[in-house]
Amino acid sequence: QHPNLQHETQRRLYRQEIQSPTFLRRTIHRLFNFLDDYKNEQDDDDGTNDDASMFPPPICEPEIHRILFSTTAGDFVISVDKALSPSGVTRFLQLVDDGFFQDQLFYRILPGFLIQFGVAAHPSMQSKWDPQAQWQVDQPLQTPTCLPTCLPDEPNRATFKCGTLSFAGSGMDSRCCHMFIALEPYGKDLGMAPHETALGCVEREGLSVLEQLVQNAENAGYCNQDLNYLQESLTNQGNSAVASEYPLLDRIMGCRRI
């Protein structure tokens with residue numbers, strides 16, 4: 001084939017290729033990948049990463065509250081912000097002020113994932129806040145004047161990390177009083193379920209206490225299985241339901257605003 005004709009054929013094929021939808025899609029995809037890589041490099045260089053753009057904007061001004069938890073493994077402080085979850089933080093503070101967390105057990109610890117609590121030491125206290133609890137265990141014939149209710153879901157507004165506090169739940173609009181603290185690395189994947197909305201986080205100085213809670217549970221052999229099934233017994237009978245079988249569970253000795 002004549003060289004000039006060969007070159008003209010190649011140019012024609014090239015024009016056809018670059019005008020094809022497949023080529024355009026591939027080129028755009030590569031361009032976006034390049035821009036993403038460039039942005040990530042710039043974020044790494046200046047030490048910033050704008051996670052705020054990933055979440056819905058707050059609907060109220062920031063309002064920080066600090067809560068001191070005194071536990072059998074040490075003390076830690078949780079800072080919560082109403083801008084993250086207005087109704088969620090309000091309910092959490094109500095629980096604190098009511099003494100709901102007093103003597104509660106950290107009954108479910110999954111290393112690298114979460115620490116769960118939120119079942120009162122006595123069933124009568126649990127029945128005040130948990131719609132699933134048996135009402136008025138001590139006085140079954142007495143009709144309650146105010147039934148506990150679950151909170152409507154709120155959008156998550158923060159990335160989950162080690163120390164993030166959230167309500168536990170069982171689907172949509174199921175937040176009431178059950179809580180968990182996220183651990184790493186697997187807890188970073190939380191925040192996707194309707195009830196998983198960050199309220200705040202354990203302050204840095206208290207993260208070592210979370211590690212101690214995990215270590216104590218591992219030393220006691222309580223991490224060999226998921227103890228979530230204890231929740232029903234604790235709800236109906238209080239701490240006494242598990243005292244003999246799991247005597248080494250850590251607990252909350254006190255909880256108050258600071």
# chains A, B, ... in the order shown; residues from 1 in each chain; ligands from 1

$ closest_atom_pairs --of "segment 60-139 of chain A" --to "segment 231-236 of chain A" --cutoff "12 Å" --atoms "only C-alpha atoms" --output "CSV"
residue,atom,partner,partner_atom,distance
A:Gln104,CA,A:Leu234,CA,9.8
A:Leu105,CA,A:Leu234,CA,9.2
A:Phe106,CA,A:Gln231,CA,10.6
A:Tyr107,CA,A:Gln231,CA,7.8
A:Arg108,CA,A:Gln231,CA,8.8
A:Gln116,CA,A:Gln231,CA,10.0
A:Phe117,CA,A:Gln231,CA,9.1
A:Gly118,CA,A:Gln231,CA,9.2
A:Val119,CA,A:Thr235,CA,6.1
A:Ala120,CA,A:Thr235,CA,7.2
A:Ala121,CA,A:Leu234,CA,7.6
A:His122,CA,A:Thr235,CA,7.9
A:Pro123,CA,A:Asn236,CA,5.8
A:Ser124,CA,A:Asn236,CA,9.1
A:Met125,CA,A:Thr235,CA,9.6
A:Gln126,CA,A:Thr235,CA,6.6
A:Ser127,CA,A:Thr235,CA,8.3
A:Lys128,CA,A:Thr235,CA,11.5
A:Trp129,CA,A:Thr235,CA,11.1
A:Asp130,CA,A:Thr235,CA,8.9
A:Pro131,CA,A:Thr235,CA,10.9
A:Gln132,CA,A:Thr235,CA,8.7
A:Ala133,CA,A:Thr235,CA,6.2
A:Gln134,CA,A:Asn236,CA,6.7
A:Trp135,CA,A:Asn236,CA,9.6
A:Gln136,CA,A:Asn236,CA,10.6
A:Val137,CA,A:Asn236,CA,8.0
A:Asp138,CA,A:Asn236,CA,11.0

$ residues_around --residues "Gly99 of chain A" --least-positions-apart "6" --cutoff "9 Å" --atoms "only C-alpha atoms" --output "PyMOL selection string"
chain A and resi 125+254-256

$ residues_around --residues "Ser85 of chain A" --least-positions-apart "5" --cutoff "9 Å" --atoms "only C-alpha atoms" --output "PyMOL selection string"
chain A and resi 58-59+80+90+154-157+197-200

$ closest_residue --among "A:Ser244, A:Gln237, A:Thr149, A:Ser208" --to "Asp173 of chain A" --atoms "only C-alpha atoms"
A:Thr149

$ atom_distance --atom1 "atom CA of Glu218 of chain A" --atom2 "atom CA of Lys161 of chain A"
21.2 Å

$ residues_around --residues "Thr164 of chain A" --least-positions-apart "4" --cutoff "7 Å" --atoms "only C-alpha atoms" --output "mmCIF file with N, CA, C and O atoms, in the first residue's frame"
data_model
loop_
_atom_site.group_PDB
_atom_site.id
_atom_site.type_symbol
_atom_site.label_atom_id
_atom_site.label_comp_id
_atom_site.auth_asym_id
_atom_site.auth_seq_id
_atom_site.Cartn_x
_atom_site.Cartn_y
_atom_site.Cartn_z
ATOM 1 N N PHE A 160 -17.801 8.224 61.141
ATOM 2 C CA PHE A 160 -17.573 7.416 62.338
ATOM 3 C C PHE A 160 -16.080 7.090 62.462
ATOM 4 O O PHE A 160 -15.410 6.814 61.459
ATOM 5 N N ILE A 181 -20.435 2.777 71.268
ATOM 6 C CA ILE A 181 -19.248 3.578 70.941
ATOM 7 C C ILE A 181 -18.478 2.802 69.885
ATOM 8 O O ILE A 181 -18.169 1.619 70.072
ATOM 9 N N ALA A 182 -18.180 3.448 68.781
ATOM 10 C CA ALA A 182 -17.487 2.784 67.681
ATOM 11 C C ALA A 182 -16.009 2.589 68.008
ATOM 12 O O ALA A 182 -15.395 3.387 68.723
ATOM 13 N N ALA A 198 -24.089 9.966 64.362
ATOM 14 C CA ALA A 198 -23.084 10.386 65.339
ATOM 15 C C ALA A 198 -23.629 11.505 66.225
ATOM 16 O O ALA A 198 -24.209 12.475 65.732
ATOM 17 N N GLY A 200 -21.444 12.578 68.919
ATOM 18 C CA GLY A 200 -20.212 13.180 69.391
ATOM 19 C C GLY A 200 -19.148 12.109 69.482
ATOM 20 O O GLY A 200 -19.265 11.061 68.845
ATOM 21 N N CYS A 201 -18.149 12.350 70.311
ATOM 22 C CA CYS A 201 -17.024 11.418 70.349
ATOM 23 C C CYS A 201 -16.346 11.441 71.706
ATOM 24 O O CYS A 201 -16.342 12.473 72.404
ATOM 25 N N VAL A 202 -15.771 10.318 72.085
ATOM 26 C CA VAL A 202 -14.925 10.243 73.273
ATOM 27 C C VAL A 202 -13.694 11.109 73.034
ATOM 28 O O VAL A 202 -13.058 11.026 71.975
#

$ closest_residue --among "A:Leu207, A:Ile109, A:Ile258, A:Leu190" --to "Cys223 of chain A" --atoms "only C-alpha atoms"
A:Ile109

$ residues_around --residues "Arg257 of chain A" --least-positions-apart "6" --cutoff "10 Å" --atoms "only C-alpha atoms" --output "NGL selection string"
:A and (65-69 or 77-79 or 93 or 96-97)

$ select_by_dssp --residues "segment 52-216 of chain A" --states "helix (DSSP H, G or I)" --output "ChimeraX atom specification"
/A:52-54,86-97,123-129,186-189,204-216

$ residues_around --residues "Cys162 of chain A" --least-positions-apart "6" --cutoff "7 Å" --atoms "only C-alpha atoms" --output "short mmCIF file (atom, residue, chain, number, x, y, z; two decimals) with N, CA, C and O atoms, in the first residue's frame"
data_model
loop_
_atom_site.label_atom_id
_atom_site.label_comp_id
_atom_site.auth_asym_id
_atom_site.auth_seq_id
_atom_site.Cartn_x
_atom_site.Cartn_y
_atom_site.Cartn_z
N ALA A 182 -18.18 3.45 68.78
CA ALA A 182 -17.49 2.78 67.68
C ALA A 182 -16.01 2.59 68.01
O ALA A 182 -15.39 3.39 68.72
N LEU A 183 -15.45 1.51 67.49
CA LEU A 183 -14.03 1.23 67.58
C LEU A 183 -13.46 1.12 66.17
O LEU A 183 -14.21 1.02 65.19
N GLU A 184 -12.16 1.13 66.07
CA GLU A 184 -11.52 0.94 64.76
C GLU A 184 -10.81 -0.41 64.74
O GLU A 184 -10.42 -0.92 65.79
N GLY A 187 -15.41 -0.20 62.94
CA GLY A 187 -16.44 0.77 63.31
C GLY A 187 -16.50 1.96 62.37
O GLY A 187 -17.50 2.69 62.35
#

$ decode --residues "segment 98-211 of chain A" --atoms "C-alpha atoms" --output "PDB file, in the first residue's frame"
ATOM      1  CA  ASP A  98     -32.131  10.976  84.857  1.00  0.00           C
ATOM      2  CA  GLY A  99     -29.329   8.706  86.107  1.00  0.00           C
ATOM      3  CA  PHE A 100     -30.196   6.134  83.458  1.00  0.00           C
ATOM      4  CA  PHE A 101     -26.574   5.071  82.911  1.00  0.00           C
ATOM      5  CA  GLN A 102     -25.778   4.507  86.603  1.00  0.00           C
ATOM      6  CA  ASP A 103     -24.357   0.975  87.164  1.00  0.00           C
ATOM      7  CA  GLN A 104     -24.976  -0.065  83.557  1.00  0.00           C
ATOM      8  CA  LEU A 105     -22.925  -2.918  82.125  1.00  0.00           C
ATOM      9  CA  PHE A 106     -20.853  -2.773  78.954  1.00  0.00           C
ATOM     10  CA  TYR A 107     -22.465  -6.049  78.000  1.00  0.00           C
ATOM     11  CA  ARG A 108     -21.407  -6.293  74.356  1.00  0.00           C
ATOM     12  CA  ILE A 109     -17.825  -5.647  73.267  1.00  0.00           C
ATOM     13  CA  LEU A 110     -16.704  -6.565  69.761  1.00  0.00           C
ATOM     14  CA  PRO A 111     -12.993  -5.729  69.411  1.00  0.00           C
ATOM     15  CA  GLY A 112     -12.289  -3.352  66.555  1.00  0.00           C
ATOM     16  CA  PHE A 113     -16.006  -2.747  66.006  1.00  0.00           C
ATOM     17  CA  LEU A 114     -18.039  -1.416  68.948  1.00  0.00           C
ATOM     18  CA  ILE A 115     -18.782  -1.248  72.669  1.00  0.00           C
ATOM     19  CA  GLN A 116     -22.492  -1.429  73.488  1.00  0.00           C
ATOM     20  CA  PHE A 117     -24.461  -0.356  76.569  1.00  0.00           C
ATOM     21  CA  GLY A 118     -27.815   1.313  77.251  1.00  0.00           C
ATOM     22  CA  VAL A 119     -29.730  -1.240  79.347  1.00  0.00           C
ATOM     23  CA  ALA A 120     -30.494   0.110  82.810  1.00  0.00           C
ATOM     24  CA  ALA A 121     -29.306  -1.706  85.925  1.00  0.00           C
ATOM     25  CA  HIS A 122     -32.931  -2.068  87.062  1.00  0.00           C
ATOM     26  CA  PRO A 123     -35.979  -2.909  84.872  1.00  0.00           C
ATOM     27  CA  SER A 124     -38.077  -0.070  86.308  1.00  0.00           C
ATOM     28  CA  MET A 125     -35.583   2.476  84.979  1.00  0.00           C
ATOM     29  CA  GLN A 126     -35.403   0.715  81.613  1.00  0.00           C
ATOM     30  CA  SER A 127     -39.179   0.825  81.273  1.00  0.00           C
ATOM     31  CA  LYS A 128     -39.111   4.640  81.475  1.00  0.00           C
ATOM     32  CA  TRP A 129     -37.128   4.941  78.251  1.00  0.00           C
ATOM     33  CA  ASP A 130     -37.437   1.716  76.262  1.00  0.00           C
ATOM     34  CA  PRO A 131     -40.757   1.009  74.471  1.00  0.00           C
ATOM     35  CA  GLN A 132     -39.774  -2.669  74.201  1.00  0.00           C
ATOM     36  CA  ALA A 133     -39.306  -3.088  77.959  1.00  0.00           C
ATOM     37  CA  GLN A 134     -41.971  -4.672  80.128  1.00  0.00           C
ATOM     38  CA  TRP A 135     -43.848  -1.802  81.743  1.00  0.00           C
ATOM     39  CA  GLN A 136     -43.983  -1.448  85.508  1.00  0.00           C
ATOM     40  CA  VAL A 137     -42.261  -4.713  86.378  1.00  0.00           C
ATOM     41  CA  ASP A 138     -42.646  -4.057  90.109  1.00  0.00           C
ATOM     42  CA  GLN A 139     -46.259  -2.874  89.819  1.00  0.00           C
ATOM     43  CA  PRO A 140     -47.810  -4.719  86.850  1.00  0.00           C
ATOM     44  CA  LEU A 141     -51.356  -3.546  87.584  1.00  0.00           C
ATOM     45  CA  GLN A 142     -50.484   0.133  87.471  1.00  0.00           C
ATOM     46  CA  THR A 143     -51.070   1.867  84.127  1.00  0.00           C
ATOM     47  CA  PRO A 144     -48.203   4.161  83.055  1.00  0.00           C
ATOM     48  CA  THR A 145     -49.093   7.803  82.506  1.00  0.00           C
ATOM     49  CA  CYS A 146     -46.440   8.425  79.850  1.00  0.00           C
ATOM     50  CA  LEU A 147     -45.258   5.750  77.476  1.00  0.00           C
ATOM     51  CA  PRO A 148     -41.630   5.891  76.276  1.00  0.00           C
ATOM     52  CA  THR A 149     -41.187   6.690  72.612  1.00  0.00           C
ATOM     53  CA  CYS A 150     -38.509   6.174  69.993  1.00  0.00           C
ATOM     54  CA  LEU A 151     -36.929   9.132  68.232  1.00  0.00           C
ATOM     55  CA  PRO A 152     -37.408   9.830  64.524  1.00  0.00           C
ATOM     56  CA  ASP A 153     -34.246   9.252  62.529  1.00  0.00           C
ATOM     57  CA  GLU A 154     -31.891  12.124  61.724  1.00  0.00           C
ATOM     58  CA  PRO A 155     -29.289  12.164  58.947  1.00  0.00           C
ATOM     59  CA  ASN A 156     -25.758  11.305  59.936  1.00  0.00           C
ATOM     60  CA  ARG A 157     -23.500  14.357  59.799  1.00  0.00           C
ATOM     61  CA  ALA A 158     -20.057  12.993  60.723  1.00  0.00           C
ATOM     62  CA  THR A 159     -17.651  10.235  59.796  1.00  0.00           C
ATOM     63  CA  PHE A 160     -17.573   7.416  62.338  1.00  0.00           C
ATOM     64  CA  LYS A 161     -14.200   6.816  63.999  1.00  0.00           C
ATOM     65  CA  CYS A 162     -12.835   5.323  67.183  1.00  0.00           C
ATOM     66  CA  GLY A 163     -14.846   6.851  70.027  1.00  0.00           C
ATOM     67  CA  THR A 164     -17.908   7.968  68.046  1.00  0.00           C
ATOM     68  CA  LEU A 165     -21.105   7.759  70.118  1.00  0.00           C
ATOM     69  CA  SER A 166     -24.392   6.736  68.498  1.00  0.00           C
ATOM     70  CA  PHE A 167     -27.725   5.209  69.376  1.00  0.00           C
ATOM     71  CA  ALA A 168     -28.074   1.531  68.625  1.00  0.00           C
ATOM     72  CA  GLY A 169     -31.333   0.437  67.050  1.00  0.00           C
ATOM     73  CA  SER A 170     -33.187  -2.045  64.910  1.00  0.00           C
ATOM     74  CA  GLY A 171     -34.095  -0.080  61.803  1.00  0.00           C
ATOM     75  CA  MET A 172     -35.996   3.093  61.021  1.00  0.00           C
ATOM     76  CA  ASP A 173     -37.077   5.361  63.903  1.00  0.00           C
ATOM     77  CA  SER A 174     -35.842   2.891  66.537  1.00  0.00           C
ATOM     78  CA  ARG A 175     -33.572   5.121  68.662  1.00  0.00           C
ATOM     79  CA  CYS A 176     -34.563   5.165  72.326  1.00  0.00           C
ATOM     80  CA  CYS A 177     -31.830   4.490  74.913  1.00  0.00           C
ATOM     81  CA  HIS A 178     -29.505   1.778  73.580  1.00  0.00           C
ATOM     82  CA  MET A 179     -26.060   3.193  72.786  1.00  0.00           C
ATOM     83  CA  PHE A 180     -22.745   2.154  71.301  1.00  0.00           C
ATOM     84  CA  ILE A 181     -19.248   3.578  70.941  1.00  0.00           C
ATOM     85  CA  ALA A 182     -17.487   2.784  67.681  1.00  0.00           C
ATOM     86  CA  LEU A 183     -14.031   1.234  67.581  1.00  0.00           C
ATOM     87  CA  GLU A 184     -11.521   0.943  64.763  1.00  0.00           C
ATOM     88  CA  PRO A 185     -10.955  -0.391  62.213  1.00  0.00           C
ATOM     89  CA  TYR A 186     -14.393  -1.880  61.511  1.00  0.00           C
ATOM     90  CA  GLY A 187     -16.437   0.770  63.310  1.00  0.00           C
ATOM     91  CA  LYS A 188     -15.447   3.298  60.648  1.00  0.00           C
ATOM     92  CA  ASP A 189     -17.943   1.589  58.322  1.00  0.00           C
ATOM     93  CA  LEU A 190     -20.849   2.445  60.644  1.00  0.00           C
ATOM     94  CA  GLY A 191     -23.149   5.373  60.012  1.00  0.00           C
ATOM     95  CA  MET A 192     -25.097   3.827  57.144  1.00  0.00           C
ATOM     96  CA  ALA A 193     -28.113   2.403  59.010  1.00  0.00           C
ATOM     97  CA  PRO A 194     -31.037   4.772  59.725  1.00  0.00           C
ATOM     98  CA  HIS A 195     -30.375   4.812  63.476  1.00  0.00           C
ATOM     99  CA  GLU A 196     -26.599   5.251  63.189  1.00  0.00           C
ATOM    100  CA  THR A 197     -26.185   8.998  63.655  1.00  0.00           C
ATOM    101  CA  ALA A 198     -23.084  10.386  65.339  1.00  0.00           C
ATOM    102  CA  LEU A 199     -23.808  12.386  68.502  1.00  0.00           C
ATOM    103  CA  GLY A 200     -20.212  13.180  69.391  1.00  0.00           C
ATOM    104  CA  CYS A 201     -17.024  11.418  70.349  1.00  0.00           C
ATOM    105  CA  VAL A 202     -14.925  10.243  73.273  1.00  0.00           C
ATOM    106  CA  GLU A 203     -12.216  12.826  73.844  1.00  0.00           C
ATOM    107  CA  ARG A 204      -8.685  11.770  72.959  1.00  0.00           C
ATOM    108  CA  GLU A 205      -7.521  11.316  76.554  1.00  0.00           C
ATOM    109  CA  GLY A 206     -10.217   8.699  77.122  1.00  0.00           C
ATOM    110  CA  LEU A 207      -9.478   6.457  74.150  1.00  0.00           C
ATOM    111  CA  SER A 208      -7.084   4.418  76.273  1.00  0.00           C
ATOM    112  CA  VAL A 209     -10.035   3.545  78.549  1.00  0.00           C
ATOM    113  CA  LEU A 210     -11.874   2.106  75.546  1.00  0.00           C
ATOM    114  CA  GLU A 211      -8.805  -0.023  74.877  1.00  0.00           C
TER     115      GLU A 211
END
